[in-house]
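Printed here is start.csv (CSV, C-alpha atoms):
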chain,number,residue,atom,x,y,z
A,13,MET,CA,15.0,138.5,78.1
A,14,ALA,CA,18.1,136.7,77.0
A,15,THR,CA,21.0,139.1,76.2
A,16,ALA,CA,24.5,139.0,74.7
A,17,TYR,CA,26.0,138.9,78.2
A,18,HIS,CA,25.4,135.2,78.4
A,19,THR,CA,27.4,134.6,75.3
A,20,VAL,CA,30.2,137.0,76.3
A,21,LEU,CA,30.4,135.6,79.8
A,22,GLY,CA,30.3,132.0,78.4
A,23,SER,CA,33.3,132.8,76.2
A,24,LEU,CA,35.5,134.2,79.0
A,25,PRO,CA,38.0,132.0,80.8
A,26,HIS,CA,38.5,131.8,84.6
A,27,LEU,CA,40.7,134.6,85.8
A,28,PRO,CA,42.7,133.8,88.9
A,29,HIS,CA,43.6,136.5,91.5
A,30,PHE,CA,46.3,138.7,90.1
A,31,GLN,CA,48.9,137.5,92.7
A,32,ARG,CA,48.3,133.9,91.7
A,33,ALA,CA,48.2,134.4,88.0
A,34,GLU,CA,51.2,133.0,86.1
A,35,ARG,CA,50.0,134.3,82.7
A,36,LEU,CA,47.1,136.0,81.0
A,37,PRO,CA,44.4,133.5,80.2
A,38,LEU,CA,43.2,135.6,77.3
A,39,THR,CA,45.1,137.8,74.9
A,40,ARG,CA,44.2,141.5,74.4
A,41,LEU,CA,42.9,140.7,70.8
A,42,ARG,CA,40.7,137.9,72.1
A,43,LEU,CA,39.3,140.1,74.9
A,44,GLU,CA,38.5,142.8,72.4
A,45,GLN,CA,36.8,140.3,70.1
A,46,ARG,CA,34.6,138.9,73.0
A,47,VAL,CA,33.7,142.3,74.4
A,48,GLY,CA,32.8,143.2,70.8
A,49,MET,CA,29.9,140.8,71.0
A,50,LEU,CA,28.2,143.2,73.4
A,51,PRO,CA,25.9,146.0,72.0
A,52,GLU,CA,28.1,148.6,70.4
A,53,ALA,CA,27.4,151.4,72.9
A,54,GLN,CA,28.3,149.2,75.9
A,55,ALA,CA,31.5,147.9,74.3
A,56,ARG,CA,32.5,151.5,73.4
A,57,GLN,CA,31.9,152.7,77.0
A,58,ILE,CA,34.1,149.9,78.3
A,59,TRP,CA,37.1,150.9,76.2
A,60,GLN,CA,36.5,154.6,77.0
A,61,ALA,CA,36.5,153.7,80.6
A,62,GLU,CA,39.6,151.5,80.2
A,63,ALA,CA,41.5,154.4,78.6
A,64,LEU,CA,40.7,156.5,81.6
A,65,VAL,CA,41.4,154.1,84.5
A,66,SER,CA,43.5,151.3,83.2
A,67,LEU,CA,46.2,150.2,85.6
A,68,ARG,CA,48.5,149.1,82.8
A,69,GLN,CA,48.4,152.4,81.1
A,70,ALA,CA,48.7,154.3,84.3
A,71,VAL,CA,52.2,152.9,84.6
A,72,ALA,CA,53.4,154.9,81.6
A,73,ARG,CA,51.3,158.0,82.1
A,74,HIS,CA,52.9,161.1,83.4
A,75,ALA,CA,50.2,163.7,83.1
A,76,SER,CA,50.0,166.9,85.1
A,77,GLY,CA,47.0,167.6,87.4
A,78,GLY,CA,45.4,169.8,84.7
A,79,ASP,CA,45.8,167.1,82.0
A,80,TRP,CA,44.3,164.5,84.3
A,81,LEU,CA,41.4,166.8,85.1
A,82,ARG,CA,40.7,167.6,81.5
A,83,ARG,CA,40.8,164.0,80.4
A,84,TRP,CA,38.3,163.1,83.2
A,85,ARG,CA,36.0,165.9,82.3
A,86,ARG,CA,36.1,165.0,78.7
A,87,THR,CA,35.4,161.3,79.1
A,88,LEU,CA,33.4,160.8,82.3
A,89,PRO,CA,30.0,162.1,80.9
A,90,ALA,CA,30.2,159.5,78.1
A,91,ILE,CA,30.2,156.6,80.7
A,92,THR,CA,26.6,156.2,81.5
A,93,GLU,CA,26.3,152.4,82.3
A,94,PRO,CA,25.8,152.4,86.1
A,95,ARG,CA,28.1,149.4,87.0
A,96,LEU,CA,30.9,150.8,84.8
A,97,ARG,CA,30.5,154.3,86.1
A,98,GLU,CA,30.6,152.9,89.7
A,99,TYR,CA,34.1,151.4,89.0
A,100,VAL,CA,35.3,154.4,87.1
A,101,GLU,CA,34.3,156.7,90.0
A,102,TYR,CA,35.9,154.4,92.5
A,103,ARG,CA,39.2,154.6,90.5
A,104,ARG,CA,38.9,158.4,90.2
A,105,ASP,CA,38.5,158.7,93.9
A,106,GLN,CA,41.4,156.3,94.5
A,107,GLN,CA,43.6,158.4,92.2
A,108,LEU,CA,42.5,161.6,93.9
A,109,ILE,CA,43.2,160.3,97.4
A,110,LEU,CA,46.6,159.0,96.3
A,111,ALA,CA,47.4,162.5,94.8
A,112,ALA,CA,46.4,164.1,98.1
A,113,LEU,CA,48.5,161.7,100.1
A,114,ARG,CA,51.5,162.4,97.8
A,115,LEU,CA,51.1,166.2,98.0
A,116,ARG,CA,50.8,166.1,101.8
A,117,HIS,CA,53.8,163.7,102.0
A,118,GLN,CA,55.8,166.4,100.1
A,119,GLY,CA,54.6,169.0,102.6
A,120,LEU,CA,52.3,170.8,100.2
A,121,GLY,CA,48.8,172.0,100.8
A,122,PRO,CA,45.6,171.3,98.8
A,123,GLU,CA,46.0,174.7,97.1
A,124,THR,CA,48.9,173.2,95.1
A,125,GLU,CA,46.5,171.4,92.7
A,126,ALA,CA,43.5,173.5,93.6
A,127,GLU,CA,41.4,172.6,90.6
A,128,ILE,CA,41.5,168.8,90.7
A,129,TRP,CA,39.4,168.5,93.9
A,130,SER,CA,36.4,169.7,92.0
A,131,ILE,CA,36.2,166.5,90.0
A,132,SER,CA,34.8,164.4,92.8
A,133,PRO,CA,32.5,164.9,95.9
A,134,ARG,CA,35.4,163.5,97.9
A,135,GLY,CA,37.5,166.4,96.8
A,136,ARG,CA,35.7,168.8,99.2
A,137,LYS,CA,36.2,166.4,102.1
A,138,ILE,CA,39.9,166.0,101.3
A,139,GLN,CA,40.4,169.8,101.3
A,140,ASP,CA,38.4,170.3,104.5
A,141,HIS,CA,40.2,167.6,106.4
A,142,TRP,CA,43.7,167.9,104.8
A,143,HIS,CA,45.5,167.6,108.2
A,144,ASP,CA,43.5,164.5,109.3
A,145,GLY,CA,45.6,161.4,108.7
A,146,ASP,CA,42.9,159.7,106.6
A,147,PHE,CA,41.0,162.8,105.4
A,148,ARG,CA,38.1,161.2,107.4
A,149,LEU,CA,37.7,158.8,104.4
A,150,ALA,CA,39.0,155.6,105.9
A,151,ALA,CA,35.5,154.2,106.6
A,152,LEU,CA,34.8,154.4,102.9
A,153,TYR,CA,38.3,153.4,101.7
A,154,PRO,CA,39.8,151.0,104.2
A,155,TRP,CA,43.0,150.7,102.2
A,156,LEU,CA,43.7,154.4,102.8
A,157,VAL,CA,45.5,154.1,106.2
A,158,GLU,CA,47.9,151.4,104.9
A,159,ALA,CA,48.4,153.3,101.6
A,160,ARG,CA,49.5,156.3,103.7
A,161,SER,CA,52.0,154.2,105.7
A,162,LEU,CA,53.4,152.6,102.5
A,163,LEU,CA,53.8,156.0,100.9
A,164,GLU,CA,55.7,157.2,103.9
A,165,ARG,CA,58.0,154.1,103.7
A,166,GLN,CA,58.3,154.7,99.9
A,167,ASP,CA,57.4,151.1,99.3
A,168,ALA,CA,56.0,151.6,95.7
A,169,ARG,CA,55.6,147.9,94.9
A,170,GLU,CA,53.5,147.1,98.0
A,171,LEU,CA,51.5,150.3,97.5
A,172,GLU,CA,50.7,149.2,93.9
A,173,ARG,CA,49.7,145.8,95.2
A,174,LEU,CA,47.4,147.3,97.8
A,175,LEU,CA,45.7,149.6,95.3
A,176,MET,CA,45.3,146.7,92.8
A,177,ASP,CA,43.8,144.5,95.5
A,178,ALA,CA,41.3,147.2,96.5
A,179,CYS,CA,40.3,147.5,92.9
A,180,TRP,CA,40.0,143.7,92.6
A,181,GLN,CA,37.7,143.5,95.6
A,182,LYS,CA,35.6,146.4,94.3
A,183,LEU,CA,35.3,144.6,90.9
A,184,ASN,CA,34.3,141.4,92.7
A,185,ARG,CA,31.4,143.2,94.3
A,186,ILE,CA,30.4,144.7,91.0
A,187,GLY,CA,30.5,141.3,89.3
A,188,ASP,CA,28.6,139.6,92.1
A,189,SER,CA,25.8,142.2,91.8
A,190,GLN,CA,25.1,141.1,88.2
A,191,PRO,CA,26.5,137.5,87.9
A,192,LEU,CA,25.0,137.0,84.4
A,193,GLY,CA,24.9,140.6,83.3
A,194,PHE,CA,27.0,143.7,82.3
A,195,GLY,CA,28.5,144.0,85.8
A,196,LYS,CA,30.3,140.7,85.4
A,197,VAL,CA,31.7,141.7,82.0
A,198,VAL,CA,32.9,144.9,83.5
A,199,ALA,CA,34.5,143.0,86.4
A,200,PHE,CA,36.3,140.6,84.0
A,201,VAL,CA,37.7,143.3,81.7
A,202,PHE,CA,39.1,145.4,84.5
A,203,GLN,CA,40.4,142.4,86.5
A,204,TRP,CA,42.1,141.3,83.3
A,205,ASP,CA,43.7,144.8,83.2
A,206,ILE,CA,44.9,144.3,86.8
A,207,VAL,CA,46.4,140.9,86.0
A,208,ASN,CA,48.1,142.4,82.9
A,209,ALA,CA,49.5,145.3,85.0
A,210,TRP,CA,50.7,143.0,87.8
A,211,LEU,CA,52.4,140.5,85.4
A,212,ALA,CA,54.1,143.4,83.7
A,213,HIS,CA,55.6,144.3,87.1
A,214,ASP,CA,56.8,140.8,87.9
A,215,PRO,CA,60.6,140.8,87.7
A,216,VAL,CA,60.8,137.0,87.2
A,217,GLN,CA,58.5,137.1,84.3
A,218,ALA,CA,60.1,140.2,82.9
A,219,SER,CA,63.5,138.4,83.0
A,220,GLU,CA,62.0,135.4,81.2
A,221,ARG,CA,60.4,137.7,78.6
A,222,PHE,CA,63.7,139.4,78.1
A,223,LYS,CA,65.4,136.1,77.6
A,224,GLN,CA,62.7,135.0,75.2
A,225,LEU,CA,63.0,138.3,73.2
A,226,MET,CA,66.8,137.9,73.1
A,227,GLY,CA,66.4,134.4,71.9
A,228,GLU,CA,64.1,135.5,69.2
A,229,ILE,CA,66.5,138.2,68.1
A,230,GLN,CA,69.5,135.8,68.1
A,231,HIS,CA,67.4,133.2,66.2
A,232,ALA,CA,66.4,135.8,63.6
A,233,GLN,CA,70.1,136.7,63.1
B,16,MET,CA,-20.8,138.2,82.8
B,17,ASP,CA,-21.1,134.5,82.0
B,18,SER,CA,-19.2,135.0,78.7
B,19,LEU,CA,-16.4,136.8,80.6
B,20,ILE,CA,-16.1,133.9,83.1
B,21,VAL,CA,-16.0,131.4,80.2
B,22,THR,CA,-13.4,133.5,78.5
B,23,LEU,CA,-11.2,133.4,81.6
B,24,GLY,CA,-11.7,129.6,81.5
B,25,TRP,CA,-10.2,129.5,78.0
B,26,VAL,CA,-7.3,131.7,79.2
B,27,GLY,CA,-6.7,129.3,82.1
B,28,MET,CA,-6.8,126.3,79.9
B,29,TYR,CA,-4.2,127.5,77.5
B,30,ALA,CA,-2.0,129.4,80.1
B,31,PRO,CA,0.1,126.4,81.2
B,32,LEU,CA,1.2,125.7,77.6
B,33,ALA,CA,1.7,129.3,76.6
B,34,LEU,CA,3.5,130.5,79.7
B,35,GLY,CA,5.6,127.3,79.9
B,36,ALA,CA,6.6,127.8,76.3
B,37,ILE,CA,7.5,131.4,76.9
B,38,GLY,CA,9.6,130.3,79.9
B,39,SER,CA,11.3,127.6,77.8
B,40,MET,CA,12.2,130.0,75.0
B,41,VAL,CA,13.8,132.5,77.3
B,42,GLY,CA,15.5,129.8,79.5
B,43,CYS,CA,16.9,127.9,76.5
B,44,ALA,CA,18.0,131.1,74.9
B,45,ARG,CA,20.0,132.2,78.0
B,46,ALA,CA,21.6,128.8,78.5
B,47,GLY,CA,22.1,128.4,74.7
B,48,MET,CA,23.9,131.8,74.4
B,49,SER,CA,26.1,130.8,77.3
B,50,ALA,CA,26.8,127.5,75.6
B,51,CYS,CA,27.7,129.3,72.3
B,52,GLY,CA,30.1,131.5,74.3
B,53,ALA,CA,31.7,128.4,75.9
B,54,LEU,CA,32.2,126.8,72.5
B,55,LEU,CA,34.6,129.6,71.7
B,56,GLU,CA,36.7,128.7,74.7
B,57,VAL,CA,36.7,124.9,74.9
B,58,GLU,CA,38.4,122.4,72.6
B,59,GLY,CA,35.9,119.6,72.8
B,60,GLY,CA,32.7,118.2,74.4
B,61,TYR,CA,30.5,120.7,72.5
B,62,GLY,CA,27.5,118.4,72.7
B,63,ARG,CA,27.6,118.5,76.5
B,64,TYR,CA,27.0,122.2,76.6
B,65,ILE,CA,24.3,122.2,74.0
B,66,GLY,CA,22.6,119.4,75.9
B,67,VAL,CA,22.6,121.4,79.1
B,68,ALA,CA,21.1,124.4,77.2
B,69,ALA,CA,18.1,122.3,76.3
B,70,MET,CA,17.1,121.6,79.9
B,71,PRO,CA,14.6,124.4,80.2
B,72,SER,CA,12.5,122.9,77.4
B,73,SER,CA,10.9,120.5,79.8
B,74,GLN,CA,8.6,123.2,81.2
B,75,SER,CA,6.8,123.3,77.8
B,76,ILE,CA,6.2,119.6,78.0
B,77,TYR,CA,4.7,120.0,81.5
B,78,GLY,CA,2.5,122.8,80.1
B,79,ILE,CA,1.2,120.7,77.3
B,80,VAL,CA,0.3,117.9,79.7
B,81,VAL,CA,-1.5,120.3,82.1
B,82,THR,CA,-3.4,122.0,79.3
B,83,MET,CA,-4.5,118.5,78.1
B,84,ALA,CA,-5.6,117.6,81.6
B,85,LEU,CA,-7.6,120.9,81.9
B,86,ARG,CA,-9.3,120.4,78.6
B,87,ARG,CA,-13.1,120.0,78.9
B,88,GLU,CA,-16.3,121.7,77.9
B,89,LEU,CA,-16.1,125.1,79.6
B,90,THR,CA,-19.0,126.3,81.8
B,91,VAL,CA,-19.7,129.0,84.3
B,92,ASP,CA,-19.1,126.4,87.1
B,93,ASN,CA,-15.7,125.1,86.0
B,94,SER,CA,-14.1,128.1,84.3
B,95,PRO,CA,-13.0,129.9,87.6
B,96,GLY,CA,-11.2,126.8,88.7
B,97,ILE,CA,-9.5,126.3,85.3
B,98,PHE,CA,-8.5,129.9,85.2
B,99,GLY,CA,-6.9,129.9,88.7
B,100,LEU,CA,-5.2,126.6,88.3
B,101,GLY,CA,-4.0,127.1,84.7
B,102,LEU,CA,-2.7,130.6,85.3
B,103,LEU,CA,-0.8,129.8,88.5
B,104,VAL,CA,0.8,126.6,87.2
B,105,GLY,CA,1.7,128.5,84.0
B,106,LEU,CA,3.4,131.2,85.9
B,107,ALA,CA,5.2,128.7,88.0
B,108,LEU,CA,6.4,126.9,84.9
B,109,MET,CA,7.5,130.1,83.2
B,110,LEU,CA,9.5,131.4,86.1
B,111,SER,CA,11.1,128.1,86.8
B,112,ALA,CA,12.2,128.0,83.1
B,113,PHE,CA,13.8,131.5,83.5
B,114,ALA,CA,15.6,130.4,86.6
B,115,GLN,CA,16.7,127.2,85.1
B,116,GLY,CA,18.1,129.0,82.1
B,117,ASP,CA,20.3,131.1,84.4
B,118,ALA,CA,21.3,128.0,86.5
B,119,CYS,CA,22.3,126.2,83.3
B,120,ALA,CA,24.3,129.3,82.1
B,121,ALA,CA,26.1,129.4,85.4
B,122,SER,CA,26.8,125.6,85.1
B,123,ILE,CA,28.2,126.0,81.6
B,124,ASN,CA,30.4,129.0,82.7
B,125,ALA,CA,31.7,127.0,85.7
B,126,SER,CA,32.3,123.7,84.1
B,127,LYS,CA,34.1,125.0,81.0
B,128,ASN,CA,36.9,126.1,83.3
B,129,LYS,CA,36.9,122.9,85.4
B,130,LEU,CA,35.4,119.9,83.6
B,131,GLU,CA,35.3,117.7,86.7
B,132,ILE,CA,32.6,119.8,88.3
B,133,PHE,CA,30.3,119.4,85.3
B,134,GLY,CA,27.9,116.9,87.0
B,135,ILE,CA,27.7,118.7,90.4
B,136,SER,CA,27.3,122.1,88.7
B,137,LEU,CA,24.0,120.9,87.2
B,138,ALA,CA,22.6,120.3,90.7
B,139,PRO,CA,21.1,123.8,91.0
B,140,ALA,CA,19.4,123.4,87.6
B,141,ALA,CA,18.0,120.0,88.7
B,142,LEU,CA,16.7,121.5,91.9
B,143,VAL,CA,14.8,124.2,89.9
B,144,GLU,CA,13.4,121.4,87.8
B,145,GLY,CA,12.1,119.8,90.9
B,146,PHE,CA,9.9,122.7,91.8
B,147,ALA,CA,8.5,122.8,88.3
B,148,VAL,CA,7.6,119.1,88.7
B,149,PHE,CA,5.9,119.8,92.0
B,150,ALA,CA,3.7,122.5,90.3
B,151,PHE,CA,3.0,120.1,87.4
B,152,VAL,CA,2.1,117.1,89.5
B,153,PHE,CA,-0.2,119.0,91.8
B,154,ALA,CA,-1.9,120.8,88.9
B,155,LEU,CA,-2.7,117.3,87.5
B,156,VAL,CA,-4.0,116.1,90.9
B,157,LEU,CA,-6.2,119.3,91.4
B,158,SER,CA,-7.5,119.3,87.9
B,159,ALA,CA,-9.3,116.1,88.6
B,160,GLY,CA,-11.5,118.0,91.1
B,161,ILE,CA,-12.7,120.6,88.6
B,162,PRO,CA,-16.2,119.8,87.3
B,163,THR,CA,-16.3,118.4,83.8
Let me see whether you can do it: turn the structure in this file into structure tokens.
Amino acid sequence: MATAYHTVLGSLPHLPHFQRAERLPLTRLRLEQRVGMLPEAQARQIWQAEALVSLRQAVARHASGGDWLRRWRRTLPAITEPRLREYVEYRRDQQLILAALRLRHQGLGPETEAEIWSISPRGRKIQDHWHDGDFRLAALYPWLVEARSLLERQDARELERLLMDACWQKLNRIGDSQPLGFGKVVAFVFQWDIVNAWLAHDPVQASERFKQLMGEIQHAQ
Amino acid sequence: MDSLIVTLGWVGMYAPLALGAIGSMVGCARAGMSACGALLEVEGGYGRYIGVAAMPSSQSIYGIVVTMALRRELTVDNSPGIFGLGLLVGLALMLSAFAQGDACAASINASKNKLEIFGISLAPAALVEGFAVFAFVFALVLSAGIPT
């Protein structure tokens, strides 16, 4: 039967790849309004998931392993939509692998954050193969080897780009699996989040925004 | 047993219209909802999108014509043929209207971001229509062979 997905998808603009995007094609307010056309339970799950895995919010978040684990345990059971959960679990595993790479890079062992590995089936494998370069997970997460190399070179910007691109490709697959369904809406919302996070990192745009804000302040005075 | 066969004949006679109409309802709803979404995003050319959303309505018209072609006094001899032909062409029309609704929705989604592809983006929907026309024409041809 026909569903609200058709209306929501019809109302969403084209979203270019985050590295080619010059601006957000849709404001946050408009995005919320359009996702609000979905059934209430689905829209709620999208925002719950976004609070958990948003790349934009991750920039400002400095939570300990325990806080991270508690937040995941509290929110994950509420996310029951299969496509949304698929992405959320992908981001969880991405964050977990990154945490493992960072701990190992600092010369620490898996016992440092012993409790966090229980959140994902990948956690056991990470613990068991702590001294393998890729935790024997590179077949599942092809970005892992490059991420490790970038972490060792301390190239934070390129690492962020790599992780964003991995998420982007994952969302493309989720969207393509349901081109006129919920999966496509999930893909758009989280790709929008990636573009938003990437543009916030852009030094040229940041400089222009700063000048614009300064102009506004001077104009107001 | 005879009454069951004649009843199936009635089902077959009405199936092209009923199934075609069900398909058109769902197809037009899918494309129409997509068009409504697009209206939020575009600044003009609203009629274009609503026009595309009406494309799956043609299956109902084909269903009406086939039902009229199958209409005759039902007997034990002609009811099986009418049932088989009517039901199968009805299913073909219904599924083509579903598919066309999705193709129209995709066309609307694509062309609202890039107006110059509006015409070519309708090609998949036109192809789907072509298959509905095949089913329709051959139903008319074969209905002539069913005893009156």
Would you kindly report the residues of chain B within 12 Å of chain A, using all atoms listed in the file, as a VMD selection string?
-> chain B and resid 37 to 57 64 68 112 to 114 116 to 129
Nearest to Asp205 (chain A) by atom-to-atom distance, counting only C-alpha atoms, from A:Ser66, A:Ser130, A:Thr87, A:Asn184 |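 Of A:Ser66, A:Ser130, A:Thr87, A:Asn184, the one nearest Asp205 (chain A) is A:Ser66, counting only C-alpha atoms.
Minimum distance to Ala168 (chain A) across A:Ile128, A:Thr39, A:Val197, A:Leu110 (counting all atoms listed in the file) occurs at A:Leu110.
With distances taken over all atoms listed in the file, A:Ala126 is the one residue among A:Ala126, A:Ala150, A:Ala90, A:Leu174 lying closest to Ala111 (chain A).
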Check the smallest atom-to-atom distance from each of A:Val207, A:Val201, A:Leu163, A:Leu50 to His117 (chain A) using all atoms listed in the file, then report the winner.
->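 Once distances to His117 (chain A) are computed over all atoms listed in the file, the minimum belongs to A:Leu163.
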To one decimal place, how far is CA of Ala84 (chain B) from CA of Met16 (chain B) in Å?
-> 25.6 Å
Separation of CA of Leu149 (chain A) and CA of Lys137 (chain A), in Å?
->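 So the answer is 8.1 Å.
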Selected residue of minimal separation from Met109 (chain B) among B:Gly96, B:Gly60, B:Gly66, B:Pro31, counting all atoms listed in the file =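 Smallest separation from Met109 (chain B) among the options: B:Pro31.
The residue that comes closest to Ser136 (chain B), out of B:Val67, B:Leu108, B:Arg87, B:Leu19 and on the basis of all atoms listed in the file, is B:Val67.
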Please indicate the distance in Å from CA of Val47 (chain A) to CA of Leu211 (chain A), rounded to one decimal place.
-> 21.8 Å
Region 92-97 of chain A environment, 10 Å, all atoms listed in the file, sequence neighbours closer than 3 positions dropped, as a ChimeraX atom specification | /A:53-54,57-58,61-62,88-89,100-103,183,186-187,189-190,194-199,202
What would the list of residues within 12 Å of (37.2, 143.6, 95.5) (file frame) look like as number ranges by chain, if all atoms listed in the file are what count?
-> A: 29-30, 99, 102, 153-155, 174-188, 199-200, 202-203, 206
Please, could N, CA and C atoms be added to region 94-117 of chain B and the result written as an mmCIF file, keeping the file's coordinate frame?
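Final output, rebuild.cif:
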data_model
loop_
_atom_site.group_PDB
_atom_site.id
_atom_site.type_symbol
_atom_site.label_atom_id
_atom_site.label_comp_id
_atom_site.auth_asym_id
_atom_site.auth_seq_id
_atom_site.Cartn_x
_atom_site.Cartn_y
_atom_site.Cartn_z
ATOM 1 N N SER B 94 -15.121 127.185 84.865
ATOM 2 C CA SER B 94 -14.100 128.100 84.300
ATOM 3 C C SER B 94 -13.287 128.830 85.402
ATOM 4 N N PRO B 95 -13.864 129.280 86.541
ATOM 5 C CA PRO B 95 -13.000 129.900 87.600
ATOM 6 C C PRO B 95 -11.878 128.993 88.034
ATOM 7 N N GLY B 96 -12.203 127.738 88.250
ATOM 8 C CA GLY B 96 -11.200 126.800 88.700
ATOM 9 C C GLY B 96 -10.103 126.584 87.663
ATOM 10 N N ILE B 97 -10.521 126.467 86.413
ATOM 11 C CA ILE B 97 -9.500 126.300 85.300
ATOM 12 C C ILE B 97 -8.660 127.497 85.180
ATOM 13 N N PHE B 98 -9.275 128.678 85.310
ATOM 14 C CA PHE B 98 -8.500 129.900 85.200
ATOM 15 C C PHE B 98 -7.427 129.997 86.295
ATOM 16 N N GLY B 99 -7.869 129.801 87.539
ATOM 17 C CA GLY B 99 -6.900 129.900 88.700
ATOM 18 C C GLY B 99 -5.815 128.889 88.579
ATOM 19 N N LEU B 100 -6.191 127.652 88.348
ATOM 20 C CA LEU B 100 -5.200 126.600 88.300
ATOM 21 C C LEU B 100 -4.250 126.743 87.103
ATOM 22 N N GLY B 101 -4.841 127.013 85.939
ATOM 23 C CA GLY B 101 -4.000 127.100 84.700
ATOM 24 C C GLY B 101 -3.065 128.294 84.775
ATOM 25 N N LEU B 102 -3.573 129.443 85.235
ATOM 26 C CA LEU B 102 -2.700 130.600 85.300
ATOM 27 C C LEU B 102 -1.565 130.449 86.258
ATOM 28 N N LEU B 103 -1.897 129.940 87.435
ATOM 29 C CA LEU B 103 -0.800 129.800 88.500
ATOM 30 C C LEU B 103 0.201 128.789 88.109
ATOM 31 N N VAL B 104 -0.244 127.640 87.572
ATOM 32 C CA VAL B 104 0.800 126.600 87.200
ATOM 33 C C VAL B 104 1.574 127.146 86.003
ATOM 34 N N GLY B 105 0.935 127.900 85.115
ATOM 35 C CA GLY B 105 1.700 128.500 84.000
ATOM 36 C C GLY B 105 2.740 129.441 84.434
ATOM 37 N N LEU B 106 2.393 130.309 85.400
ATOM 38 C CA LEU B 106 3.400 131.200 85.900
ATOM 39 C C LEU B 106 4.553 130.494 86.597
ATOM 40 N N ALA B 107 4.193 129.450 87.354
ATOM 41 C CA ALA B 107 5.200 128.700 88.000
ATOM 42 C C ALA B 107 6.185 128.040 86.992
ATOM 43 N N LEU B 108 5.615 127.510 85.925
ATOM 44 C CA LEU B 108 6.400 126.900 84.900
ATOM 45 C C LEU B 108 7.317 127.922 84.180
ATOM 46 N N MET B 109 6.727 129.074 83.895
ATOM 47 C CA MET B 109 7.500 130.100 83.200
ATOM 48 C C MET B 109 8.676 130.601 84.022
ATOM 49 N N LEU B 110 8.391 130.917 85.288
ATOM 50 C CA LEU B 110 9.500 131.400 86.100
ATOM 51 C C LEU B 110 10.537 130.384 86.402
ATOM 52 N N SER B 111 10.099 129.122 86.520
ATOM 53 C CA SER B 111 11.100 128.100 86.800
ATOM 54 C C SER B 111 11.998 127.901 85.522
ATOM 55 N N ALA B 112 11.426 128.089 84.326
ATOM 56 C CA ALA B 112 12.200 128.000 83.100
ATOM 57 C C ALA B 112 13.246 129.132 83.026
ATOM 58 N N PHE B 113 12.822 130.354 83.417
ATOM 59 C CA PHE B 113 13.800 131.500 83.500
ATOM 60 C C PHE B 113 14.937 131.154 84.403
ATOM 61 N N ALA B 114 14.539 130.721 85.613
ATOM 62 C CA ALA B 114 15.600 130.400 86.600
ATOM 63 C C ALA B 114 16.476 129.304 86.184
ATOM 64 N N GLN B 115 15.875 128.294 85.556
ATOM 65 C CA GLN B 115 16.700 127.200 85.100
ATOM 66 C C GLN B 115 17.659 127.570 84.016
ATOM 67 N N GLY B 116 17.222 128.468 83.152
ATOM 68 C CA GLY B 116 18.100 129.000 82.100
ATOM 69 C C GLY B 116 19.349 129.631 82.716
ATOM 70 N N ASP B 117 19.136 130.437 83.747
ATOM 71 C CA ASP B 117 20.300 131.100 84.400
ATOM 72 C C ASP B 117 21.159 130.063 85.132
#
